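Structure file structure_33.tsv (TSV, C-alpha atoms) is printed below.
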```tsv
chain	number	residue	atom	x	y	z
R	16	MET	CA	-15.69	-4.65	-35.34
R	17	ASN	CA	-11.97	-4.10	-34.63
R	18	ILE	CA	-10.01	-7.34	-35.12
R	19	ILE	CA	-6.42	-8.09	-34.09
R	20	SER	CA	-4.33	-10.97	-32.78
R	21	ASP	CA	-1.92	-9.64	-30.17
R	22	PHE	CA	-0.89	-11.39	-26.97
R	23	ASN	CA	0.46	-8.13	-25.52
R	24	ARG	CA	-3.05	-6.68	-25.60
R	25	ASP	CA	-4.66	-9.63	-23.85
R	26	VAL	CA	-4.86	-7.38	-20.78
R	27	CYS	CA	-7.55	-5.38	-19.04
R	28	HIS	CA	-8.49	-2.13	-20.79
R	29	ASN	CA	-9.78	1.11	-19.38
R	30	LYS	CA	-13.57	1.26	-19.79
R	31	PRO	CA	-14.78	4.73	-18.78
R	32	ASP	CA	-18.16	4.51	-20.53
R	33	SER	CA	-21.32	3.19	-18.94
R	34	GLY	CA	-22.46	-0.07	-20.52
R	35	ALA	CA	-18.94	-1.17	-21.52
R	36	TYR	CA	-17.83	-4.78	-21.08
R	37	GLU	CA	-14.78	-7.02	-21.46
R	38	TRP	CA	-14.36	-10.78	-21.40
R	39	TRP	CA	-11.69	-13.48	-21.74
R	40	TYR	CA	-13.15	-16.57	-23.41
R	41	PHE	CA	-11.82	-20.16	-23.29
R	42	ASP	CA	-13.30	-23.41	-24.59
R	43	ALA	CA	-12.11	-26.99	-25.04
R	44	LEU	CA	-13.20	-30.39	-26.31
R	45	SER	CA	-11.66	-33.67	-25.20
R	46	GLN	CA	-9.93	-35.81	-27.82
R	47	ASP	CA	-12.73	-38.37	-27.81
R	48	GLY	CA	-15.43	-35.68	-28.00
R	49	LYS	CA	-17.03	-36.85	-24.75
R	50	PHE	CA	-16.34	-33.69	-22.71
R	51	SER	CA	-16.52	-30.04	-23.66
R	52	LEU	CA	-16.41	-26.82	-21.66
R	53	VAL	CA	-16.67	-23.04	-21.90
R	54	ILE	CA	-15.19	-20.67	-19.31
R	55	ILE	CA	-15.52	-16.87	-19.53
R	56	PHE	CA	-14.02	-14.23	-17.23
R	57	TYR	CA	-15.83	-10.87	-17.31
R	58	GLU	CA	-15.31	-7.30	-16.21
R	59	GLY	CA	-18.69	-5.78	-16.87
R	60	ILE	CA	-20.79	-8.84	-17.67
R	61	PRO	CA	-23.35	-7.74	-20.28
R	62	PHE	CA	-25.94	-10.32	-19.11
R	63	SER	CA	-26.28	-8.95	-15.57
R	64	PRO	CA	-29.84	-7.74	-14.78
R	65	ARG	CA	-28.32	-5.51	-12.12
R	66	TYR	CA	-25.88	-3.88	-14.56
R	67	ASN	CA	-28.56	-3.42	-17.18
R	68	GLY	CA	-31.07	-2.21	-14.61
R	69	GLN	CA	-28.72	0.55	-13.50
R	70	LEU	CA	-27.92	1.32	-17.13
R	71	ALA	CA	-31.63	1.83	-17.84
R	72	ALA	CA	-32.02	4.24	-14.93
R	73	SER	CA	-31.15	7.67	-16.28
R	74	GLN	CA	-29.72	8.85	-12.95
R	75	ARG	CA	-27.19	5.99	-12.80
R	76	LYS	CA	-24.03	5.57	-14.84
R	77	PRO	CA	-22.76	2.11	-13.92
R	78	LEU	CA	-19.22	1.13	-14.90
R	79	ALA	CA	-17.96	-2.30	-15.94
R	80	GLU	CA	-15.54	-2.53	-13.01
R	81	ALA	CA	-18.48	-2.86	-10.61
R	82	PHE	CA	-19.73	-6.07	-12.30
R	83	PRO	CA	-16.98	-8.71	-12.51
R	84	ALA	CA	-18.19	-12.26	-13.07
R	85	ILE	CA	-17.32	-15.72	-14.35
R	86	SER	CA	-19.37	-18.32	-16.18
R	87	ILE	CA	-18.45	-22.02	-16.26
R	88	SER	CA	-20.24	-24.60	-18.41
R	89	ILE	CA	-19.14	-28.24	-18.66
R	90	TYR	CA	-20.81	-30.84	-20.87
R	91	GLU	CA	-20.63	-34.62	-21.12
R	92	ASP	CA	-22.00	-36.29	-24.23
R	93	CYS	CA	-23.43	-32.89	-25.22
R	94	LYS	CA	-25.39	-32.50	-21.96
R	95	PRO	CA	-24.54	-30.06	-19.15
R	96	ILE	CA	-23.06	-31.60	-16.01
R	97	TYR	CA	-21.95	-28.36	-14.34
R	98	TYR	CA	-23.16	-24.80	-14.77
R	99	SER	CA	-22.54	-21.56	-12.94
R	100	ILE	CA	-22.64	-17.85	-13.67
R	101	SER	CA	-21.47	-15.87	-10.66
R	102	GLU	CA	-21.01	-12.16	-10.06
R	103	PHE	CA	-18.53	-10.89	-7.46
R	104	ARG	CA	-17.77	-7.67	-5.64
R	105	LYS	CA	-15.12	-5.45	-7.18
R	106	GLU	CA	-13.01	-5.88	-4.03
R	107	GLU	CA	-12.86	-9.65	-4.59
R	108	CYS	CA	-11.32	-9.34	-8.06
R	109	SER	CA	-8.17	-8.17	-9.80
R	110	PHE	CA	-7.53	-7.29	-13.46
R	111	SER	CA	-4.04	-6.45	-14.72
R	112	GLU	CA	-3.48	-3.77	-17.35
R	113	ASN	CA	0.12	-4.92	-17.85
R	114	GLU	CA	-0.10	-8.68	-18.38
R	115	PRO	CA	-2.74	-11.37	-19.01
R	116	PHE	CA	-3.93	-11.87	-15.44
R	117	VAL	CA	-7.48	-11.99	-14.09
R	118	GLN	CA	-8.60	-13.03	-10.62
R	119	ILE	CA	-12.33	-13.31	-9.89
R	120	GLY	CA	-13.10	-14.61	-6.42
R	121	ASN	CA	-11.08	-17.81	-6.12
R	122	HIS	CA	-10.81	-18.22	-9.91
R	123	THR	CA	-7.65	-17.15	-11.74
R	124	MET	CA	-6.43	-16.81	-15.33
R	125	ILE	CA	-2.71	-16.40	-16.06
R	126	GLY	CA	-1.16	-16.05	-19.54
R	127	LEU	CA	2.54	-16.34	-20.39
R	128	LYS	CA	4.66	-16.08	-23.53
R	129	THR	CA	7.31	-18.81	-23.65
R	130	ASP	CA	10.01	-19.96	-26.09
R	131	THR	CA	7.55	-22.48	-27.52
R	132	GLY	CA	4.44	-20.31	-27.75
R	133	LEU	CA	1.67	-19.12	-25.42
R	134	GLU	CA	0.57	-20.80	-22.21
R	135	TYR	CA	-2.55	-20.06	-20.19
R	136	GLU	CA	-3.48	-21.60	-16.88
R	137	LEU	CA	-6.98	-21.42	-15.42
R	138	LEU	CA	-7.50	-22.18	-11.72
R	139	LEU	CA	-11.11	-22.81	-10.67
R	140	ASP	CA	-12.53	-23.03	-7.17
R	141	GLU	CA	-16.20	-22.51	-6.32
R	142	VAL	CA	-19.03	-24.00	-4.23
R	143	LEU	CA	-22.56	-23.11	-5.31
R	144	PRO	CA	-25.53	-22.50	-2.95
R	145	GLY	CA	-27.04	-25.92	-3.71
R	146	GLY	CA	-23.79	-27.77	-2.98
R	147	ASP	CA	-22.45	-28.28	-6.52
R	148	ALA	CA	-18.75	-27.48	-6.67
R	149	ILE	CA	-15.79	-27.28	-9.02
R	150	GLY	CA	-12.05	-27.20	-8.39
R	151	GLY	CA	-8.80	-27.78	-10.23
R	152	HIS	CA	-7.01	-26.33	-13.21
R	153	LEU	CA	-6.76	-26.31	-17.00
R	154	SER	CA	-3.78	-25.50	-19.21
R	155	PHE	CA	-3.89	-24.13	-22.77
R	156	LYS	CA	-0.63	-24.37	-24.73
R	157	GLY	CA	-0.18	-23.39	-28.35
R	158	MET	CA	1.33	-21.00	-30.85
R	159	PRO	CA	-0.11	-17.52	-31.39
R	160	LEU	CA	-1.94	-16.85	-34.64
R	161	LYS	CA	0.63	-16.26	-37.40
R	162	ALA	CA	-1.26	-13.55	-39.25
R	163	ASP	CA	-1.71	-9.79	-39.01
R	164	LEU	CA	-5.49	-9.45	-39.06
R	165	THR	CA	-5.52	-5.68	-39.28
R	166	PRO	CA	-2.89	-2.95	-39.78
R	167	ASP	CA	-4.61	-0.70	-37.24
R	168	LYS	CA	-2.90	-1.12	-33.87
R	169	THR	CA	-4.44	1.92	-32.22
R	170	GLU	CA	-6.66	1.53	-29.18
R	171	PRO	CA	-10.29	1.33	-30.30
R	172	ASN	CA	-12.55	3.97	-28.80
R	173	GLN	CA	-15.89	2.64	-29.96
R	174	GLY	CA	-17.53	-0.50	-31.27
R	175	HIS	CA	-16.55	-4.08	-30.54
R	176	PHE	CA	-12.91	-5.15	-30.21
R	177	TRP	CA	-11.98	-8.80	-30.84
R	178	ASN	CA	-8.50	-10.15	-30.10
R	179	LEU	CA	-8.12	-13.64	-31.62
R	180	ILE	CA	-5.29	-14.83	-29.37
R	181	GLN	CA	-5.06	-18.60	-29.58
R	182	PRO	CA	-7.23	-20.25	-32.28
R	183	ARG	CA	-5.92	-23.72	-31.46
R	184	ALA	CA	-4.28	-24.96	-28.28
R	185	ASP	CA	-3.43	-28.24	-26.61
R	186	VAL	CA	-5.55	-28.47	-23.47
R	187	ARG	CA	-5.05	-30.50	-20.32
R	188	SER	CA	-7.90	-30.67	-17.78
R	189	GLU	CA	-7.46	-31.69	-14.15
R	190	LEU	CA	-10.81	-30.85	-12.59
R	191	LYS	CA	-13.04	-32.21	-9.85
R	192	ILE	CA	-16.79	-31.69	-10.00
R	193	THR	CA	-19.21	-32.30	-7.15
R	194	ASN	CA	-22.78	-33.19	-8.07
R	195	ALA	CA	-24.89	-32.35	-5.00
R	196	LEU	CA	-27.98	-34.08	-6.42
R	197	LYS	CA	-26.14	-37.42	-6.68
R	198	ASN	CA	-23.90	-36.68	-3.69
R	199	GLU	CA	-20.78	-37.62	-5.67
R	200	THR	CA	-17.50	-36.07	-6.72
R	201	ARG	CA	-15.80	-37.11	-9.93
R	202	GLU	CA	-12.57	-36.26	-11.70
R	203	LEU	CA	-12.48	-34.79	-15.20
R	204	SER	CA	-8.98	-35.52	-16.43
R	205	PHE	CA	-8.59	-35.32	-20.18
R	206	SER	CA	-6.50	-33.94	-23.02
R	207	GLY	CA	-8.02	-32.14	-25.94
R	208	CYS	CA	-8.10	-29.14	-28.22
R	209	GLY	CA	-8.94	-25.61	-27.10
R	210	TYR	CA	-9.44	-22.00	-28.11
R	211	HIS	CA	-9.01	-18.54	-26.52
R	212	ASP	CA	-10.07	-15.05	-27.52
R	213	HIS	CA	-10.65	-11.69	-25.84
R	214	ASN	CA	-13.53	-9.27	-26.42
R	215	LEU	CA	-14.04	-5.63	-25.48
R	216	GLY	CA	-16.98	-3.32	-26.06
R	217	ASN	CA	-17.16	0.33	-25.10
R	218	GLU	CA	-20.94	0.51	-25.33
R	219	PRO	CA	-23.85	-1.92	-24.82
R	220	MET	CA	-23.82	-4.70	-27.41
R	221	LYS	CA	-27.29	-3.75	-28.66
R	222	ASN	CA	-25.81	-0.45	-29.91
R	223	GLU	CA	-23.24	-2.27	-32.05
R	224	PHE	CA	-25.21	-5.08	-33.69
R	225	ASP	CA	-28.63	-6.74	-33.93
R	226	ASP	CA	-27.49	-10.34	-33.70
R	227	TRP	CA	-24.27	-12.33	-33.86
R	228	TYR	CA	-23.31	-15.84	-34.96
R	229	TRP	CA	-19.90	-17.02	-33.82
R	230	GLY	CA	-18.07	-20.35	-33.77
R	231	ARG	CA	-14.95	-22.40	-34.16
R	232	ILE	CA	-14.37	-25.97	-35.30
R	233	HIS	CA	-11.16	-27.99	-34.85
R	234	PHE	CA	-10.76	-30.40	-37.75
R	235	PRO	CA	-7.74	-32.75	-37.92
R	236	SER	CA	-6.21	-30.67	-40.73
R	237	ALA	CA	-7.36	-27.16	-39.77
R	238	THR	CA	-9.31	-24.92	-37.41
R	239	PHE	CA	-12.15	-22.80	-38.74
R	240	VAL	CA	-13.15	-19.59	-36.91
R	241	TYR	CA	-15.98	-17.30	-38.01
R	242	TYR	CA	-18.38	-14.59	-36.97
R	243	VAL	CA	-21.44	-13.17	-38.67
R	244	MET	CA	-22.56	-9.84	-37.21
R	245	ASN	CA	-25.84	-8.41	-38.48
R	246	ARG	CA	-26.92	-4.80	-38.24
R	247	LYS	CA	-30.15	-3.19	-39.37
R	248	ASP	CA	-28.53	-1.88	-42.55
R	249	GLN	CA	-25.80	-4.42	-43.27
R	250	SER	CA	-24.27	-7.81	-42.49
R	251	GLN	CA	-20.60	-8.09	-41.60
R	252	TYR	CA	-18.75	-11.38	-41.44
R	253	LYS	CA	-15.19	-12.64	-41.11
R	254	SER	CA	-13.83	-16.17	-41.30
R	255	TRP	CA	-10.46	-17.88	-41.21
R	256	LEU	CA	-9.13	-21.34	-41.97
R	257	ILE	CA	-6.01	-21.93	-39.88
R	258	ASN	CA	-3.62	-24.88	-39.82
R	259	PRO	CA	-2.78	-26.82	-36.60
R	260	GLU	CA	0.29	-24.60	-36.02
R	261	ASN	CA	-2.00	-21.53	-36.07
R	262	LYS	CA	-0.76	-20.32	-39.45
R	263	LEU	CA	-3.39	-18.74	-41.67
R	264	ILE	CA	-4.40	-20.88	-44.67
R	265	ILE	CA	-7.36	-18.92	-46.05
R	266	ALA	CA	-8.77	-15.57	-44.97
R	267	GLN	CA	-12.44	-14.85	-45.57
R	268	PRO	CA	-14.08	-17.99	-46.95
R	269	GLU	CA	-17.38	-16.67	-48.27
R	270	LEU	CA	-20.59	-17.08	-46.29
R	271	THR	CA	-22.83	-18.53	-49.00
R	272	SER	CA	-26.01	-19.32	-47.05
R	273	ARG	CA	-27.92	-19.23	-43.76
R	274	THR	CA	-30.79	-21.69	-43.91
R	275	ASP	CA	-33.13	-23.97	-41.92
R	276	TYR	CA	-34.39	-21.29	-39.57
R	277	SER	CA	-35.78	-22.48	-36.26
R	278	LYS	CA	-37.00	-21.10	-32.92
R	279	ASN	CA	-36.25	-22.15	-29.37
R	280	PRO	CA	-38.95	-22.24	-26.63
R	281	PHE	CA	-38.39	-18.49	-26.04
R	282	LEU	CA	-39.20	-17.81	-29.74
R	283	LEU	CA	-35.60	-16.82	-30.42
R	284	SER	CA	-35.18	-17.35	-34.16
R	285	TYR	CA	-31.85	-18.48	-35.64
R	286	ALA	CA	-30.37	-20.24	-38.68
R	287	LYS	CA	-29.56	-23.89	-37.98
R	288	LYS	CA	-27.27	-24.26	-40.99
R	289	LEU	CA	-24.39	-22.01	-42.08
R	290	THR	CA	-22.36	-22.69	-45.23
R	291	PHE	CA	-18.97	-21.16	-46.10
R	292	ALA	CA	-17.14	-21.80	-49.38
R	293	TRP	CA	-13.98	-20.97	-51.32
R	294	ASP	CA	-12.47	-22.14	-54.61
R	295	GLU	CA	-11.06	-25.37	-53.21
R	296	GLY	CA	-13.75	-26.40	-50.76
R	297	SER	CA	-16.50	-25.67	-48.27
R	298	ILE	CA	-17.57	-25.96	-44.64
R	299	VAL	CA	-21.13	-26.70	-43.54
R	300	ILE	CA	-22.10	-26.09	-39.90
R	301	ASP	CA	-25.25	-27.72	-38.52
R	302	GLN	CA	-26.52	-26.05	-35.34
R	303	SER	CA	-29.15	-28.64	-34.47
R	304	ARG	CA	-27.84	-29.60	-31.03
R	305	ARG	CA	-28.55	-26.86	-28.47
R	306	VAL	CA	-26.69	-27.17	-25.15
R	307	ASP	CA	-27.66	-23.76	-23.72
R	308	SER	CA	-30.94	-22.14	-24.68
R	309	GLY	CA	-32.30	-18.88	-23.32
R	310	PRO	CA	-34.34	-15.85	-24.34
R	311	PHE	CA	-31.36	-14.00	-25.87
R	312	TYR	CA	-28.53	-16.53	-26.17
R	313	LEU	CA	-27.93	-19.97	-27.68
R	314	ARG	CA	-24.92	-22.29	-27.53
R	315	PHE	CA	-24.55	-25.34	-29.74
R	316	LEU	CA	-22.30	-28.34	-30.04
R	317	SER	CA	-22.53	-28.22	-33.79
R	318	GLU	CA	-21.74	-30.88	-36.34
R	319	ALA	CA	-19.43	-29.50	-39.02
R	320	SER	CA	-18.16	-30.95	-42.28
R	321	LEU	CA	-15.02	-29.83	-44.13
R	322	ASN	CA	-15.14	-30.66	-47.86
R	323	ASN	CA	-17.74	-33.36	-47.12
R	324	SER	CA	-14.99	-35.54	-45.62
R	325	GLU	CA	-13.61	-34.34	-42.28
R	326	LYS	CA	-16.38	-34.14	-39.68
R	327	ARG	CA	-16.13	-32.83	-36.14
R	328	LEU	CA	-18.16	-31.31	-33.31
R	329	GLY	CA	-17.47	-27.69	-32.48
R	330	ILE	CA	-18.78	-24.95	-30.22
R	331	THR	CA	-20.91	-22.26	-31.87
R	332	GLU	CA	-23.13	-19.51	-30.48
R	333	TYR	CA	-25.88	-17.07	-31.35
R	334	ILE	CA	-26.94	-13.94	-29.48
R	335	ARG	CA	-29.63	-11.25	-29.78
R	336	PRO	CA	-28.34	-8.44	-27.52
R	337	ASP	CA	-31.47	-6.28	-27.57
R	338	ARG	CA	-33.33	-9.03	-25.71
R	339	ILE	CA	-30.84	-8.80	-22.84
R	340	HIS	CA	-32.44	-5.48	-21.90
R	341	HIS	CA	-36.05	-6.75	-21.89
R	342	LYS	CA	-37.05	-6.79	-18.22
R	343	MET	CA	-39.63	-9.53	-18.82
R	344	TYR	CA	-36.72	-12.03	-19.09
R	345	TRP	CA	-34.84	-10.93	-15.98
R	346	PRO	CA	-36.75	-13.16	-13.51
R	347	LEU	CA	-35.65	-16.17	-15.59
R	348	VAL	CA	-32.05	-14.97	-15.61
R	349	ASN	CA	-32.12	-14.47	-11.84
R	350	MET	CA	-32.92	-18.16	-11.29
R	351	ARG	CA	-29.52	-19.20	-12.65
R	352	TYR	CA	-27.53	-16.00	-12.04
R	353	ARG	CA	-25.67	-15.89	-8.73
R	354	TYR	CA	-25.05	-12.44	-7.36
R	355	THR	CA	-22.25	-11.80	-4.85
R	356	ALA	CA	-21.73	-14.54	-2.28
R	357	ALA	CA	-22.65	-12.14	0.50
R	358	GLU	CA	-26.19	-11.88	-0.84
R	359	LYS	CA	-29.02	-14.34	-0.38
R	360	PRO	CA	-29.18	-16.63	-3.45
R	361	HIS	CA	-32.35	-17.22	-5.41
R	362	TRP	CA	-34.37	-20.03	-3.82
R	363	VAL	CA	-34.13	-22.10	-7.02
R	364	GLN	CA	-30.34	-22.15	-6.70
R	365	LYS	CA	-30.57	-23.74	-3.24
R	366	SER	CA	-32.17	-26.87	-4.67
R	367	PRO	CA	-29.80	-29.07	-6.73
R	368	MET	CA	-32.75	-30.55	-8.57
R	369	MET	CA	-34.59	-27.31	-9.39
R	370	TYR	CA	-31.36	-25.50	-10.28
R	371	ARG	CA	-30.74	-28.12	-12.98
R	372	TRP	CA	-34.05	-27.24	-14.58
R	373	THR	CA	-32.56	-23.82	-15.41
R	374	TRP	CA	-29.75	-25.44	-17.41
```
For the structure just supplied, provide its representation as structure tokens.
Amino acid sequence: MNIISDFNRDVCHNKPDSGAYEWWYFDALSQDGKFSLVIIFYEGIPFSPRYNGQLAASQRKPLAEAFPAISISIYEDCKPIYYSISEFRKEECSFSENEPFVQIGNHTMIGLKTDTGLEYELLLDEVLPGGDAIGGHLSFKGMPLKADLTPDKTEPNQGHFWNLIQPRADVRSELKITNALKNETRELSFSGCGYHDHNLGNEPMKNEFDDWYWGRIHFPSATFVYYVMNRKDQSQYKSWLINPENKLIIAQPELTSRTDYSKNPFLLSYAKKLTFAWDEGSIVIDQSRRVDSGPFYLRFLSEASLNNSEKRLGITEYIRPDRIHHKMYWPLVNMRYRYTAAEKPHWVQKSPMMYRWTW
């Protein structure tokens, strides 16, 4: 794992190797905790059955640039109210190697450095086969992380590259969501707290690690960011406690336990409780509330406690990348995965009711 925090490298990278991937991740929670969302822009989406199918065929050497995509998940009271994961043709997308700019279909991400910090604007515009739709914009404003996470500024040529750009940001949402099942359109206007990072891999994720826990929690006094990456022969983890101005307070609180193991309906096993500690305190993360559950990936709106006093919900995730390549799961993925708009969508996606069963 190569870790930095550098706005100037929040750009698209050259990915000449088959199986490579890159994504720009954003999430946010409203101030009252009612709404939460996750939006990810991809060049080379690692969850694409088409990408992985070509990767498995020895005569094909697929490149990330041929598989741009975006995923949008929005939750109300910890339940999904909008979900899409859509792949686009290369010709419909644009990725800048000079500045933070991504355009996927009608969706756009723009990042700017200003006198007061970093500003990102996300513009969303999509209508799904069943009639659900989303439109509008989100803004993320905040200071960059005030810490040098690694002295190595060279371009990584292997492994996973993680750029922790904006651990904490002020978010403003001005979205409209159409629910085709209820035949209604509603506005999602809220202020809240958000997060942005950038990931790059130059080989399939299964080559780099066996499984991966990741998460971030915004407490009133601090933001906690962590990852736990397990390999066959070792476990690697990093964690940071950061103040509201994105200044590092503590680097590497110790991961003291992973307990309360559970399984989802796909028999994906994971630890429900993670505990981190340092001399002056501790953080306990309870991953009991699943909001996205699949054969290789889990997302939680976790309950977290800082020093047994401050308590907040936060977004955490778990992934088993080897399962992504098991063909037995691909028919399930295809029910919720939208290929290019020019192609005929899966019949489940045409029904607003049945499509929601895949959420």
Between atom CA of Tyr66 of chain R and atom CA of Asn279 of chain R, distance in Å (one decimal): 25.7 Å
For Trp38 of chain R, the closest of R:Arg104, R:His175, R:Arg75, R:Lys191 counting only C-alpha atoms is R:His175
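Closest approach to Ile334 of chain R among R:Tyr228, R:Arg65, R:Val348, R:Ser297: R:Tyr228, based on all atoms listed in the file.
Atom CA of Met220 of chain R sits 26.4 Å away from atom CA of Arg183 of chain R.
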Test item: residues at most 9 Å from Leu153 of chain R, only C-alpha atoms, excluding those fewer than 2 positions along its chain, as a PyMOL selection string: chain R and resi 135-139+151+155+186-190
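Atom pair atom CA of Tyr36 of chain R / atom CA of Leu78 of chain R: separated by 8.7 Å.
Distances to Tyr333 of chain R were evaluated for R:Ala195, R:Ile119, R:Leu283, R:Ala292 using only C-alpha atoms, and the minimum falls at R:Leu283.
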Report as a VMD selection string all protein, DNA and RNA residues lying within 8 Å of Ser88 of chain R, evaluated on only C-alpha atoms, omitting residues in the same chain fewer than 3 positions from it. chain R and resid 52 to 54 95 to 99
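Using all atoms listed in the file, the shortest contact distance between Val26 of chain R and any of R:Met244, R:Ile265, R:Leu196, R:Leu127 is found at R:Leu127.
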Close residues, Ile300 of chain R itself excluded, 10 Å, all atoms listed in the file, min 6 positions apart in chain, as a compact mmCIF listing (two decimals) with C-alpha atoms, in the frame of the given file:
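Now in selection23.txt:
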```
# COMPACT_ATOMS: atom_id res chain seq x y z
CA GLY R 230 -18.07 -20.35 -33.77
CA ARG R 231 -14.95 -22.40 -34.16
CA ILE R 232 -14.37 -25.97 -35.30
CA ARG R 273 -27.92 -19.23 -43.76
CA LYS R 287 -29.56 -23.89 -37.98
CA LYS R 288 -27.27 -24.26 -40.99
CA LEU R 289 -24.39 -22.01 -42.08
CA THR R 290 -22.36 -22.69 -45.23
CA PHE R 291 -18.97 -21.16 -46.10
CA SER R 317 -22.53 -28.22 -33.79
CA GLU R 318 -21.74 -30.88 -36.34
CA ALA R 319 -19.43 -29.50 -39.02
CA SER R 320 -18.16 -30.95 -42.28
CA LEU R 321 -15.02 -29.83 -44.13
CA LYS R 326 -16.38 -34.14 -39.68
CA ARG R 327 -16.13 -32.83 -36.14
CA LEU R 328 -18.16 -31.31 -33.31
CA GLY R 329 -17.47 -27.69 -32.48
CA THR R 331 -20.91 -22.26 -31.87
```
For Arg24 of chain R, work out the shell of residues within 12 Å, counting all atoms listed in the file and skipping chain neighbours fewer than 4 positions away, then give it as a VMD selection string. chain R and resid 18 to 20 28 39 111 to 116 126 168 to 171 176 to 180 212 to 215
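The list of residues with at least one atom within 7 Å of Glu218 of chain R, based on all atoms listed in the file and without residues fewer than 2 positions apart in the same chain, reads Asp32, Ser33, Gly34, Ala35, Gly174, Gly216, Met220 and Asn222 of chain R.
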Could the residues in this selection be saved with C-alpha atoms as a PDB file, in the frame of the given file?
```pdb
ATOM      1  CA  ASP R  32     -18.160   4.510 -20.530  1.00  0.00           C
ATOM      2  CA  SER R  33     -21.320   3.190 -18.940  1.00  0.00           C
ATOM      3  CA  GLY R  34     -22.460  -0.070 -20.520  1.00  0.00           C
ATOM      4  CA  ALA R  35     -18.940  -1.170 -21.520  1.00  0.00           C
ATOM      5  CA  GLY R 174     -17.530  -0.500 -31.270  1.00  0.00           C
ATOM      6  CA  GLY R 216     -16.980  -3.320 -26.060  1.00  0.00           C
ATOM      7  CA  MET R 220     -23.820  -4.700 -27.410  1.00  0.00           C
ATOM      8  CA  ASN R 222     -25.810  -0.450 -29.910  1.00  0.00           C
TER       9      ASN R 222
END
```
Please check which residues have atoms at most 10 Å from (-15.7, -38.1, -24.6) in the file's coordinates, counting only C-alpha atoms, and write them as JSON, numbers by chain. {"R": [44, 45, 46, 47, 48, 49, 50, 51, 90, 91, 92, 93, 205, 207]}
